[in-house]
>>> print(open('input.cif').read())   # mmCIF, C-alpha atoms and all ligand atoms
data_structure
#
loop_
_atom_site.label_atom_id
_atom_site.label_comp_id
_atom_site.auth_asym_id
_atom_site.auth_seq_id
_atom_site.Cartn_x
_atom_site.Cartn_y
_atom_site.Cartn_z
CA MET J 1 7.32 -3.35 29.22
CA SER J 2 5.14 -5.20 26.75
CA LYS J 3 6.33 -5.49 23.18
CA PRO J 4 4.86 -3.00 20.73
CA VAL J 5 2.47 -4.36 18.14
CA HIS J 6 3.36 -3.06 14.70
CA ARG J 7 0.26 -2.08 12.78
CA ILE J 8 0.69 -2.53 9.04
CA ALA J 9 -1.76 -1.44 6.37
CA VAL J 10 -1.54 -4.14 3.70
CA LEU J 11 -2.70 -2.97 0.27
CA PRO J 12 -2.12 -5.71 -2.33
CA GLY J 13 -3.89 -3.84 -5.16
CA ASP J 14 -4.13 -5.19 -8.70
CA GLY J 15 -2.44 -7.54 -11.15
CA ILE J 16 0.34 -9.57 -9.56
CA GLY J 17 0.00 -7.47 -6.36
CA PRO J 18 -2.03 -10.02 -4.37
CA GLU J 19 0.16 -13.00 -5.39
CA VAL J 20 3.45 -11.40 -4.47
CA MET J 21 1.98 -9.82 -1.32
CA ASN J 22 0.99 -13.27 -0.14
CA GLU J 23 4.61 -14.37 -0.19
CA ALA J 24 5.78 -11.18 1.55
CA LEU J 25 3.27 -11.80 4.35
CA ARG J 26 4.49 -15.39 4.74
CA VAL J 27 8.07 -14.13 5.00
CA LEU J 28 7.05 -11.50 7.58
CA LYS J 29 5.28 -14.17 9.60
CA SER J 30 8.40 -16.30 9.57
CA VAL J 31 10.62 -13.46 10.89
CA SER J 32 7.92 -12.61 13.40
CA CYS J 33 8.53 -16.02 15.03
CA LYS J 34 12.30 -15.83 14.99
CA PHE J 35 12.66 -12.22 16.16
CA GLU J 36 9.51 -12.10 18.30
CA ILE J 37 7.96 -9.23 16.37
CA ASP J 38 4.22 -8.72 16.67
CA PHE J 39 2.42 -7.58 13.57
CA ASP J 40 -1.18 -6.52 13.19
CA PHE J 41 -1.97 -6.69 9.48
CA ASN J 42 -4.93 -4.66 8.25
CA GLU J 43 -5.59 -5.65 4.65
CA GLN J 44 -7.59 -3.24 2.46
CA LEU J 45 -8.50 -2.70 -1.17
CA VAL J 46 -6.73 -0.12 -3.32
CA GLY J 47 -6.53 0.81 -7.01
CA GLY J 48 -8.64 -1.01 -9.59
CA ALA J 49 -9.73 -3.64 -7.07
CA ALA J 50 -11.13 -0.84 -4.89
CA ILE J 51 -12.82 0.84 -7.86
CA ASP J 52 -14.60 -2.43 -8.69
CA GLU J 53 -15.72 -3.16 -5.12
CA LEU J 54 -16.15 0.26 -3.54
CA GLY J 55 -16.27 2.73 -6.43
CA SER J 56 -13.06 4.62 -5.60
CA PRO J 57 -9.33 3.86 -6.08
CA LEU J 58 -8.57 5.09 -2.56
CA PRO J 59 -11.66 4.51 -0.39
CA GLU J 60 -11.94 6.20 3.00
CA VAL J 61 -11.67 2.85 4.80
CA THR J 62 -8.31 2.22 3.10
CA LEU J 63 -7.00 5.70 3.89
CA ASN J 64 -8.11 5.26 7.51
CA ALA J 65 -6.30 1.95 7.79
CA CYS J 66 -3.14 3.72 6.58
CA ARG J 67 -3.63 6.58 9.06
CA GLU J 68 -3.89 4.08 11.91
CA SER J 69 -0.77 2.16 10.89
CA ASP J 70 2.97 2.40 11.45
CA ALA J 71 3.67 1.67 7.79
CA ILE J 72 1.98 0.79 4.51
CA LEU J 73 2.94 -2.33 2.60
CA PHE J 74 1.77 -1.69 -0.93
CA GLY J 75 1.54 -4.10 -3.88
CA SER J 76 0.85 -2.42 -7.20
CA VAL J 77 -2.10 -0.78 -8.91
CA GLY J 78 -3.46 -0.36 -12.41
CA GLY J 79 -4.24 -2.41 -15.48
CA PRO J 80 -5.95 -2.18 -18.88
CA LYS J 81 -9.40 -2.56 -17.33
CA TRP J 82 -9.22 0.90 -15.74
CA GLU J 83 -7.22 2.77 -18.38
CA SER J 84 -10.26 4.30 -20.06
CA LEU J 85 -11.56 5.94 -16.87
CA PRO J 86 -11.18 9.74 -16.53
CA PRO J 87 -7.52 10.48 -15.56
CA ASP J 88 -8.20 11.41 -11.93
CA GLN J 89 -10.14 8.22 -11.29
CA GLN J 90 -7.47 5.90 -12.64
CA PRO J 91 -5.66 3.75 -10.06
CA GLU J 92 -2.24 5.47 -10.35
CA ARG J 93 -3.47 9.06 -10.21
CA GLY J 94 -6.34 8.27 -7.89
CA ALA J 95 -4.51 6.12 -5.32
CA LEU J 96 -0.72 6.10 -5.55
CA LEU J 97 -0.09 9.83 -6.00
CA PRO J 98 -2.65 10.91 -3.33
CA LEU J 99 -1.16 8.41 -0.85
CA ARG J 100 2.30 9.89 -1.41
CA LYS J 101 1.01 13.43 -1.03
CA HIS J 102 -1.35 12.74 1.88
CA PHE J 103 1.41 11.25 4.04
CA SER J 104 4.12 13.65 2.74
CA LEU J 105 6.24 10.72 1.58
CA PHE J 106 8.82 12.96 -0.02
CA ALA J 107 11.81 10.62 0.00
CA ASN J 108 11.72 7.70 -2.40
CA LEU J 109 14.63 5.31 -1.93
CA ARG J 110 15.09 2.84 -4.75
CA PRO J 111 18.02 0.52 -4.31
CA SER J 112 19.11 -0.98 -7.61
CA VAL J 113 21.06 -4.10 -6.82
CA CYS J 114 22.52 -6.37 -9.45
CA PHE J 115 23.44 -9.59 -7.63
CA PRO J 116 26.72 -11.08 -8.88
CA SER J 117 24.88 -14.35 -9.55
CA LEU J 118 22.30 -12.54 -11.70
CA VAL J 119 24.55 -10.48 -13.96
CA HIS J 120 23.47 -12.69 -16.89
CA ALA J 121 19.91 -11.34 -16.48
CA SER J 122 21.09 -7.81 -17.27
CA PRO J 123 20.60 -6.72 -20.88
CA VAL J 124 23.85 -4.79 -20.55
CA ARG J 125 27.15 -6.34 -21.74
CA ALA J 126 28.69 -8.68 -19.18
CA ASP J 127 31.98 -6.77 -18.89
CA ILE J 128 30.05 -3.63 -17.86
CA VAL J 129 28.08 -5.25 -15.01
CA LYS J 130 30.65 -7.89 -14.04
CA GLY J 131 30.62 -8.54 -10.30
CA GLY J 132 27.26 -6.80 -9.89
CA PHE J 133 26.57 -3.34 -8.52
CA ASN J 134 24.53 -1.55 -5.91
CA VAL J 135 23.22 1.95 -6.66
CA LEU J 136 20.72 3.80 -4.49
CA CYS J 137 18.42 6.21 -6.27
CA VAL J 138 17.05 8.88 -3.92
CA ARG J 139 14.09 10.44 -5.71
CA GLU J 140 12.10 13.48 -4.54
CA LEU J 141 8.51 12.25 -4.52
CA THR J 142 6.00 14.93 -3.56
CA GLY J 143 7.08 17.95 -5.57
CA GLY J 144 8.22 19.07 -8.99
CA ILE J 145 6.24 18.59 -12.15
CA TYR J 146 4.14 15.75 -10.69
CA PHE J 147 2.26 18.07 -8.36
CA GLY J 148 2.91 21.70 -9.43
CA GLU J 149 -0.15 23.85 -10.22
CA PRO J 150 -1.53 24.80 -12.66
CA LYS J 151 -1.81 21.37 -14.20
CA GLU J 152 -4.53 21.17 -16.82
CA ILE J 153 -5.61 20.94 -20.43
CA ARG J 154 -7.06 24.28 -21.58
CA ASN J 155 -8.55 25.89 -24.64
CA ASP J 156 -7.36 29.14 -26.16
CA GLU J 157 -7.57 30.79 -29.58
CA LYS J 158 -5.05 28.27 -30.98
CA GLY J 159 -7.00 25.30 -29.62
CA ARG J 160 -6.30 22.88 -26.78
CA HIS J 161 -3.06 23.11 -24.88
CA ALA J 162 -1.67 21.38 -21.83
CA VAL J 163 0.15 22.92 -18.88
CA ASP J 164 2.20 21.16 -16.22
CA THR J 165 4.16 23.19 -13.70
CA MET J 166 7.57 22.30 -12.36
CA ARG J 167 8.07 24.07 -9.06
CA TYR J 168 10.54 23.36 -6.28
CA HIS J 169 10.98 25.31 -3.11
CA GLU J 170 14.46 25.47 -1.68
CA SER J 171 13.19 23.77 1.48
CA GLU J 172 11.91 20.80 -0.55
CA ILE J 173 15.29 20.41 -2.23
CA GLU J 174 17.11 20.79 1.08
CA ARG J 175 15.19 18.04 2.87
CA ILE J 176 15.63 15.47 0.11
CA ALA J 177 19.30 16.44 -0.24
CA HIS J 178 19.80 15.71 3.46
CA VAL J 179 18.28 12.25 2.98
CA ALA J 180 20.66 11.60 0.09
CA PHE J 181 23.74 12.86 1.95
CA ARG J 182 22.85 10.82 5.04
CA SER J 183 22.44 7.72 2.85
CA ALA J 184 25.78 8.45 1.22
CA MET J 185 27.42 8.72 4.66
CA GLU J 186 26.22 5.18 5.45
CA ARG J 187 27.53 3.87 2.12
CA SER J 188 30.64 4.85 0.18
CA LYS J 189 30.31 8.63 0.69
CA LYS J 190 29.76 9.38 -2.97
CA LEU J 191 26.75 11.31 -4.26
CA THR J 192 25.74 12.27 -7.77
CA SER J 193 23.04 14.91 -8.06
CA ILE J 194 20.95 15.03 -11.23
CA ASP J 195 19.43 18.13 -12.80
CA LYS J 196 18.96 19.95 -16.08
CA ALA J 197 20.64 23.19 -15.01
CA ASN J 198 21.62 24.00 -18.60
CA VAL J 199 17.94 24.54 -19.51
CA LEU J 200 15.67 24.69 -16.46
CA ARG J 201 15.58 27.34 -13.73
CA ASN J 202 14.60 24.44 -11.48
CA GLY J 203 17.93 22.87 -12.30
CA ILE J 204 19.85 25.98 -11.26
CA LEU J 205 18.11 26.16 -7.88
CA TRP J 206 18.48 22.39 -7.42
CA ARG J 207 22.24 22.51 -8.03
CA GLU J 208 22.83 25.58 -5.83
CA THR J 209 20.79 24.12 -2.98
CA VAL J 210 22.47 20.70 -3.11
CA GLU J 211 25.87 22.44 -3.12
CA ALA J 212 24.85 24.45 -0.05
CA VAL J 213 23.65 21.33 1.82
CA SER J 214 26.92 19.56 0.96
CA GLY J 215 28.62 21.96 3.40
CA ASP J 216 27.11 19.87 6.23
CA TYR J 217 28.68 16.69 4.84
CA PRO J 218 32.33 17.47 4.09
CA GLU J 219 33.20 13.76 3.85
CA VAL J 220 30.82 13.10 0.96
CA SER J 221 32.20 13.69 -2.50
CA LEU J 222 29.52 15.34 -4.60
CA ASP J 223 29.24 15.67 -8.33
CA HIS J 224 26.48 16.85 -10.65
CA LEU J 225 25.25 15.43 -13.94
CA TYR J 226 22.69 16.69 -16.42
CA VAL J 227 19.94 14.12 -16.63
CA ASP J 228 20.56 13.24 -20.29
CA ASN J 229 24.22 12.63 -19.63
CA ALA J 230 23.33 10.63 -16.49
CA ALA J 231 21.10 8.35 -18.58
CA MET J 232 24.16 7.57 -20.72
CA GLN J 233 26.72 7.24 -17.94
CA LEU J 234 24.54 4.91 -15.89
CA ILE J 235 24.38 2.41 -18.71
CA ARG J 236 28.04 2.87 -19.64
CA ARG J 237 29.54 2.57 -16.15
CA PRO J 238 26.88 1.63 -13.54
CA ARG J 239 29.51 0.35 -11.10
CA ASP J 240 30.97 3.86 -10.71
CA PHE J 241 27.81 5.18 -9.03
CA ASP J 242 26.73 4.84 -5.44
CA VAL J 243 23.96 7.28 -4.45
CA ILE J 244 22.02 9.28 -7.04
CA LEU J 245 19.82 12.22 -6.01
CA ALA J 246 17.13 13.29 -8.46
CA PRO J 247 13.99 15.43 -8.72
CA ASN J 248 10.69 13.58 -9.06
CA LEU J 249 10.42 13.18 -12.84
CA PHE J 250 14.10 12.47 -13.50
CA GLY J 251 14.19 9.99 -10.62
CA ASP J 252 11.15 8.20 -12.06
CA ILE J 253 12.94 7.71 -15.36
CA LEU J 254 16.45 6.94 -14.10
CA SER J 255 15.21 4.45 -11.48
CA ASP J 256 13.52 2.42 -14.21
CA GLU J 257 16.70 2.56 -16.26
CA MET J 258 18.72 1.34 -13.27
CA ALA J 259 16.19 -1.41 -12.61
CA MET J 260 16.56 -2.66 -16.16
CA ILE J 261 20.35 -2.53 -16.06
CA ALA J 262 20.20 -4.55 -12.82
CA GLY J 263 18.36 -7.34 -14.62
CA SER J 264 14.78 -7.46 -13.50
CA LEU J 265 12.17 -5.15 -12.06
CA GLY J 266 10.98 -8.19 -10.14
CA MET J 267 13.97 -7.94 -7.80
CA LEU J 268 13.74 -4.27 -6.86
CA ALA J 269 12.16 -2.89 -3.73
CA SER J 270 11.34 0.71 -2.93
CA SER J 271 10.52 2.79 0.11
CA SER J 272 8.78 6.15 0.26
CA LEU J 273 9.48 7.90 3.52
CA GLY J 274 8.03 10.90 5.31
CA ILE J 275 9.60 13.02 8.00
CA ASP J 276 11.79 11.35 10.64
CA LYS J 277 9.54 10.68 13.64
CA GLY J 278 12.39 11.71 15.94
CA ASP J 279 13.54 8.21 16.82
CA GLY J 280 15.34 7.59 13.53
CA LEU J 281 12.27 5.85 12.14
CA TYR J 282 9.85 7.01 9.47
CA PHE J 283 6.26 6.51 8.50
CA GLY J 284 6.63 4.97 5.08
CA MET J 285 5.07 3.16 2.18
CA TYR J 286 6.91 0.14 0.81
CA GLU J 287 6.31 -1.24 -2.65
CA PRO J 288 8.01 -3.12 -5.46
CA SER J 289 9.50 -0.86 -8.14
CA GLY J 290 7.81 -2.85 -10.91
CA GLY J 291 4.16 -2.43 -11.83
CA SER J 292 1.11 -4.65 -11.64
CA ALA J 293 2.22 -6.74 -14.66
CA PRO J 294 -1.34 -7.55 -15.81
CA ASP J 295 0.01 -9.79 -18.60
CA ILE J 296 1.16 -12.42 -16.10
CA ALA J 297 -1.30 -11.75 -13.24
CA GLY J 298 -2.93 -14.83 -11.77
CA GLU J 299 -0.48 -17.27 -13.37
CA GLY J 300 1.60 -17.78 -10.24
CA ILE J 301 4.85 -17.01 -12.06
CA ALA J 302 5.60 -13.46 -10.88
CA ASN J 303 8.80 -12.82 -8.95
CA PRO J 304 7.89 -12.05 -5.30
CA CYS J 305 11.41 -10.87 -4.36
CA ALA J 306 10.72 -7.15 -4.85
CA GLN J 307 7.69 -7.34 -2.55
CA ILE J 308 9.62 -9.38 0.01
CA LEU J 309 12.57 -6.97 -0.08
CA SER J 310 10.10 -4.08 0.32
CA ALA J 311 8.88 -5.74 3.51
CA SER J 312 12.50 -5.86 4.63
CA LEU J 313 12.90 -2.12 4.00
CA MET J 314 9.76 -1.58 6.09
CA LEU J 315 11.31 -3.48 9.01
CA ARG J 316 14.45 -1.37 8.68
CA TYR J 317 13.09 2.15 8.21
CA SER J 318 9.67 2.16 9.88
CA LEU J 319 9.81 -0.53 12.55
CA GLY J 320 13.42 -0.49 13.74
CA HIS J 321 14.06 -4.22 13.21
CA SER J 322 17.24 -4.19 11.20
CA GLU J 323 18.25 -7.72 12.25
CA ALA J 324 15.05 -9.14 10.85
CA ALA J 325 15.56 -7.03 7.72
CA ASP J 326 19.09 -8.43 7.34
CA ALA J 327 17.71 -11.95 7.74
CA ILE J 328 15.27 -11.38 4.88
CA ASP J 329 17.90 -9.80 2.61
CA ASN J 330 20.29 -12.68 3.30
CA ALA J 331 17.57 -15.26 2.69
CA VAL J 332 16.69 -13.75 -0.70
CA ARG J 333 20.33 -13.68 -1.70
CA ALA J 334 20.87 -17.26 -0.48
CA ALA J 335 17.87 -18.55 -2.45
CA ILE J 336 19.16 -16.82 -5.58
CA ASP J 337 22.69 -18.12 -4.99
CA GLU J 338 21.24 -21.62 -4.71
CA GLY J 339 19.90 -21.25 -8.22
CA ILE J 340 16.20 -20.73 -7.50
CA ARG J 341 14.80 -18.51 -10.26
CA THR J 342 11.43 -17.18 -11.30
CA ALA J 343 10.89 -16.85 -15.06
CA ASP J 344 12.04 -13.21 -15.26
CA ILE J 345 15.57 -14.08 -14.06
CA TYR J 346 15.85 -17.61 -15.43
CA THR J 347 18.34 -18.40 -18.21
CA SER J 348 18.75 -22.20 -18.06
CA GLU J 349 22.24 -21.98 -16.57
CA GLN J 350 23.50 -25.16 -15.02
CA GLY J 351 22.46 -25.61 -11.42
CA THR J 352 19.45 -23.35 -11.64
CA GLN J 353 15.82 -24.23 -11.22
CA ARG J 354 12.84 -22.38 -12.64
CA VAL J 355 10.07 -21.96 -10.08
CA GLY J 356 6.79 -20.12 -9.56
CA THR J 357 5.85 -17.34 -7.12
CA LYS J 358 4.97 -19.63 -4.26
CA GLU J 359 8.05 -21.85 -4.59
CA MET J 360 10.25 -18.76 -4.55
CA GLY J 361 8.49 -17.69 -1.33
CA ASP J 362 8.97 -21.23 0.07
CA ALA J 363 12.69 -21.12 -0.69
CA ILE J 364 13.09 -17.77 1.09
CA VAL J 365 11.07 -18.87 4.13
CA GLU J 366 13.20 -22.01 4.26
CA GLU J 367 16.41 -19.95 4.19
CA ILE J 368 15.13 -17.86 7.10
CA ARG J 369 14.33 -21.03 9.02
CA LYS J 370 17.85 -22.35 8.32
CA GLU J 371 19.41 -19.05 9.45
CA SER J 372 17.40 -19.25 12.65
CA SER J 373 18.66 -22.73 13.50
CA ASN J 374 22.33 -21.59 13.16
C1 LIG E 401 6.61 4.90 -10.11
C2 LIG E 401 5.51 4.91 -11.11
C3 LIG E 401 4.55 6.04 -10.79
C4 LIG E 401 5.33 7.33 -10.87
C5 LIG E 401 3.30 6.07 -11.67
C6 LIG E 401 2.57 4.75 -11.66
C7 LIG E 401 2.40 7.21 -11.31
O1 LIG E 401 6.02 4.99 -12.39
O2 LIG E 401 6.34 4.74 -8.90
O3 LIG E 401 7.76 5.07 -10.51
O4 LIG E 401 5.47 7.90 -11.97
O5 LIG E 401 5.81 7.79 -9.85
MG MG E 402 8.13 4.93 -12.50
#
>>> encode(input="input.cif", output="structure tokens")
Amino acid sequence: MSKPVHRIAVLPGDGIGPEVMNEALRVLKSVSCKFEIDFDFNEQLVGGAAIDELGSPLPEVTLNACRESDAILFGSVGGPKWESLPPDQQPERGALLPLRKHFSLFANLRPSVCFPSLVHASPVRADIVKGGFNVLCVRELTGGIYFGEPKEIRNDEKGRHAVDTMRYHESEIERIAHVAFRSAMERSKKLTSIDKANVLRNGILWRETVEAVSGDYPEVSLDHLYVDNAAMQLIRRPRDFDVILAPNLFGDILSDEMAMIAGSLGMLASSSLGIDKGDGLYFGMYEPSGGSAPDIAGEGIANPCAQILSASLMLRYSLGHSEAADAIDNAVRAAIDEGIRTADIYTSEQGTQRVGTKEMGDAIVEEIRKESSN
């Protein structure tokens, strides 16, 4: 049987997107040699770059490339240049949210990993993050207040008012809860579900539904936290958490908090998955958790690790190449352990070296090469 060719829609986007994507593609090419994986990269414009060239943040040609692919490798979109456009034409609302909805990418997995050798980069006190931590945030991504209708700004006798609707169907909560419980089963069997059941009806349904799903996973210990309390506990004792399950809006906020506690957004990958295709693999979109960082775009100093680790998640969840994914994860860790640092994680410790985007990519490719000769 001939080897499958993995078709990947590559959407670098705006800001630092293209620079960090370049390094991720180099890393993918290096594992493609070692593990004999065939990729067919289809690179397309998205976000502000697509607005400038083709007049739309998500042109048909880009959407088609995604439809024809096994996975989407996404950079980042947005920047000051497009902020004054009408809301629906802006890169985030016009490209990122429709892509999530179009492909029903309801499960957003955001691993927040604080490497032991990077604890100094965390703004949190050293005794709290000592030894590092690894928390997985499972965020519902296609429901809740992000997409509920009505959603508009209206006029009435008192003047303008805005309405956003938070709506969750039990089935939407159930399917994301299963993802979280399954993740917990593969890790330390500990799940914390987040809601605001003391105020929101949504919170009551969320909690009841997660409790009901927990019946299928008797080995997982489940607890619940109100989102405000969770925001405190995560910063007070991040090492006590393993998997966090949250509705769309709360997951958006808590995953940024976790990213910051871990030290740098530049290290954190994310995957947005749809329904299991039946073979344990998912169609998915993979992107760094950080944004387009327009302030440093084009300077060659951005940290490519988040984009590279996103490519590793793609190999794992959409393409079924977990060995290649492990090789990438190990290479990133080895480069960091050797003291290679981009500006965001650099603190002039002894034995460390401050490098740019490309050098960081070089170091990771080199580690993969070394692994392959072992
Ligand atoms: C994220 C981002 C997006 C979100 C924005 C850019 C729409 O913050 O992926 O976390 O809120 O989901
Ligand atoms: Mg966010």
>>> residues_around(input="input.cif", residues="range 115-125 of chain J", least_positions_apart="3", cutoff="10 Å", atoms="only C-alpha atoms", output="list in words")
Ser112, Ile128, Val129, Lys130, Gly131, Gly132, Phe133, Asn134, Ile235, Arg236, Pro238, Ala259, Met260, Ile261, Ala262, Gly263, Ser264, Met267, Arg333, Ile336, Asp337, Glu338, Gly339, Arg341, Asp344, Ile345, Tyr346, Thr347 and Glu349 of chain J
>>> residues_near_ligand(input="input.cif", ligand="ligand MG 402 (chain E)", cutoff="9 Å", atoms="only C-alpha atoms and all ligand atoms", output="number ranges by chain")
J: 249, 251-256, 289-291
>>> closest_residue(input="input.cif", among="J:Leu309, J:Leu136, J:Ala363, J:Leu97", to="Val243 in chain J", atoms="only C-alpha atoms")
J:Leu136
>>> closest_residue(input="input.cif", among="J:Val365, J:Val77, J:Leu63, J:Val27", to="ligand LIG 401 (chain E)", atoms="all atoms listed in the file")
J:Val77
>>> axis_aligned_box(input="input.cif", around="ligand LIG 401 (chain E)", padding_each_side="4 Å", output="lines of an AutoDock Vina configuration file")
center_x = 5.1
center_y = 6.3
center_z = -10.6
size_x = 13.4
size_y = 11.2
size_z = 11.5
>>> closest_residue(input="input.cif", among="J:Ser69, J:Asn155, J:Ser56, J:Asn108", to="Ala177 in chain J", atoms="all atoms listed in the file")
J:Asn108
>>> residues_around(input="input.cif", residues="Tyr217 in chain J", least_positions_apart="5", cutoff="10 Å", atoms="only C-alpha atoms", output="short mmCIF file (atom, residue, chain, number, x, y, z; two decimals) with C-alpha atoms, in the coordinates of the input")
data_model
loop_
_atom_site.label_atom_id
_atom_site.label_comp_id
_atom_site.auth_asym_id
_atom_site.auth_seq_id
_atom_site.Cartn_x
_atom_site.Cartn_y
_atom_site.Cartn_z
CA HIS J 178 19.80 15.71 3.46
CA PHE J 181 23.74 12.86 1.95
CA ARG J 182 22.85 10.82 5.04
CA ALA J 184 25.78 8.45 1.22
CA MET J 185 27.42 8.72 4.66
CA LYS J 189 30.31 8.63 0.69
CA ALA J 212 24.85 24.45 -0.05
CA LEU J 222 29.52 15.34 -4.60
#
>>> closest_residue(input="input.cif", among="J:Asp228, J:Asp127, J:Asp242, J:Glu92", to="Lys196 in chain J", atoms="all atoms listed in the file")
J:Asp228
>>> closest_residue(input="input.cif", among="J:Ile296, J:Val332, J:Leu191, J:Ala324", to="Asp240 in chain J", atoms="all atoms listed in the file")
J:Leu191
>>> residues_near_point(input="input.cif", point="(6.5, 18.7, 0.9)", cutoff="10 Å", atoms="only C-alpha atoms", output="list in words")
Lys101, His102, Phe103, Ser104, Leu105, Phe106, Ala107, Glu140, Leu141, Thr142, Gly143, Tyr168, His169, Ser171, Glu172, Ile173, Arg175, Ile176, Gly274 and Ile275 of chain J
>>> write_last_selection(input="input.cif", atoms="C-alpha atoms", output="PDB file, in the coordinates of the input")
ATOM      1  CA  LYS J 101       1.010  13.430  -1.030  1.00  0.00           C
ATOM      2  CA  HIS J 102      -1.350  12.740   1.880  1.00  0.00           C
ATOM      3  CA  PHE J 103       1.410  11.250   4.040  1.00  0.00           C
ATOM      4  CA  SER J 104       4.120  13.650   2.740  1.00  0.00           C
ATOM      5  CA  LEU J 105       6.240  10.720   1.580  1.00  0.00           C
ATOM      6  CA  PHE J 106       8.820  12.960  -0.020  1.00  0.00           C
ATOM      7  CA  ALA J 107      11.810  10.620   0.000  1.00  0.00           C
ATOM      8  CA  GLU J 140      12.100  13.480  -4.540  1.00  0.00           C
ATOM      9  CA  LEU J 141       8.510  12.250  -4.520  1.00  0.00           C
ATOM     10  CA  THR J 142       6.000  14.930  -3.560  1.00  0.00           C
ATOM     11  CA  GLY J 143       7.080  17.950  -5.570  1.00  0.00           C
ATOM     12  CA  TYR J 168      10.540  23.360  -6.280  1.00  0.00           C
ATOM     13  CA  HIS J 169      10.980  25.310  -3.110  1.00  0.00           C
ATOM     14  CA  SER J 171      13.190  23.770   1.480  1.00  0.00           C
ATOM     15  CA  GLU J 172      11.910  20.800  -0.550  1.00  0.00           C
ATOM     16  CA  ILE J 173      15.290  20.410  -2.230  1.00  0.00           C
ATOM     17  CA  ARG J 175      15.190  18.040   2.870  1.00  0.00           C
ATOM     18  CA  ILE J 176      15.630  15.470   0.110  1.00  0.00           C
ATOM     19  CA  GLY J 274       8.030  10.900   5.310  1.00  0.00           C
ATOM     20  CA  ILE J 275       9.600  13.020   8.000  1.00  0.00           C
TER      21      ILE J 275
END
>>> closest_residue(input="input.cif", among="J:Asp362, J:Asp295, J:Asp70, J:Glu323", to="Glu36 in chain J", atoms="only C-alpha atoms")
J:Glu323
>>> residues_near_point(input="input.cif", point="(3.7, 20.0, -10.7)", cutoff="10 Å", atoms="all atoms listed in the file", output="VMD selection string")
chain J and resid 142 to 151 163 to 168 248 to 249
>>> atom_distance(input="input.cif", atom1="CA of Glu367 in chain J", atom2="CA of Leu28 in chain J")
13.1 Å
>>> atom_distance(input="input.cif", atom1="CA of His321 in chain J", atom2="CA of Arg139 in chain J")
23.9 Å
>>> residues_around(input="input.cif", residues="Cys305 in chain J", least_positions_apart="3", cutoff="10 Å", atoms="only C-alpha atoms", output="number ranges by chain")
J: 20-21, 23-24, 265-269, 288, 302, 308-311, 329, 332-333, 336, 342, 357, 360-361, 364
>>> decode(input="input.cif", residues="range 199-217 of chain J", atoms="C-alpha atoms", output="mmCIF file, in the first residue's frame")
data_model
loop_
_atom_site.group_PDB
_atom_site.id
_atom_site.type_symbol
_atom_site.label_atom_id
_atom_site.label_comp_id
_atom_site.auth_asym_id
_atom_site.auth_seq_id
_atom_site.Cartn_x
_atom_site.Cartn_y
_atom_site.Cartn_z
ATOM 1 C CA VAL J 199 -25.341 33.147 39.041
ATOM 2 C CA LEU J 200 -25.931 31.692 35.574
ATOM 3 C CA ARG J 201 -28.540 29.136 34.509
ATOM 4 C CA ASN J 202 -25.891 28.026 32.029
ATOM 5 C CA GLY J 203 -23.696 27.178 34.986
ATOM 6 C CA ILE J 204 -26.361 24.981 36.559
ATOM 7 C CA LEU J 205 -26.877 22.981 33.366
ATOM 8 C CA TRP J 206 -23.105 22.789 32.807
ATOM 9 C CA ARG J 207 -22.486 21.367 36.287
ATOM 10 C CA GLU J 208 -25.374 18.875 36.141
ATOM 11 C CA THR J 209 -24.336 17.642 32.702
ATOM 12 C CA VAL J 210 -20.652 17.251 33.597
ATOM 13 C CA GLU J 211 -21.686 15.329 36.731
ATOM 14 C CA ALA J 212 -23.855 13.030 34.618
ATOM 15 C CA VAL J 213 -21.028 12.378 32.109
ATOM 16 C CA SER J 214 -18.651 11.616 34.993
ATOM 17 C CA GLY J 215 -20.666 8.413 35.545
ATOM 18 C CA ASP J 216 -18.907 7.002 32.452
ATOM 19 C CA TYR J 217 -15.478 7.709 33.959
#
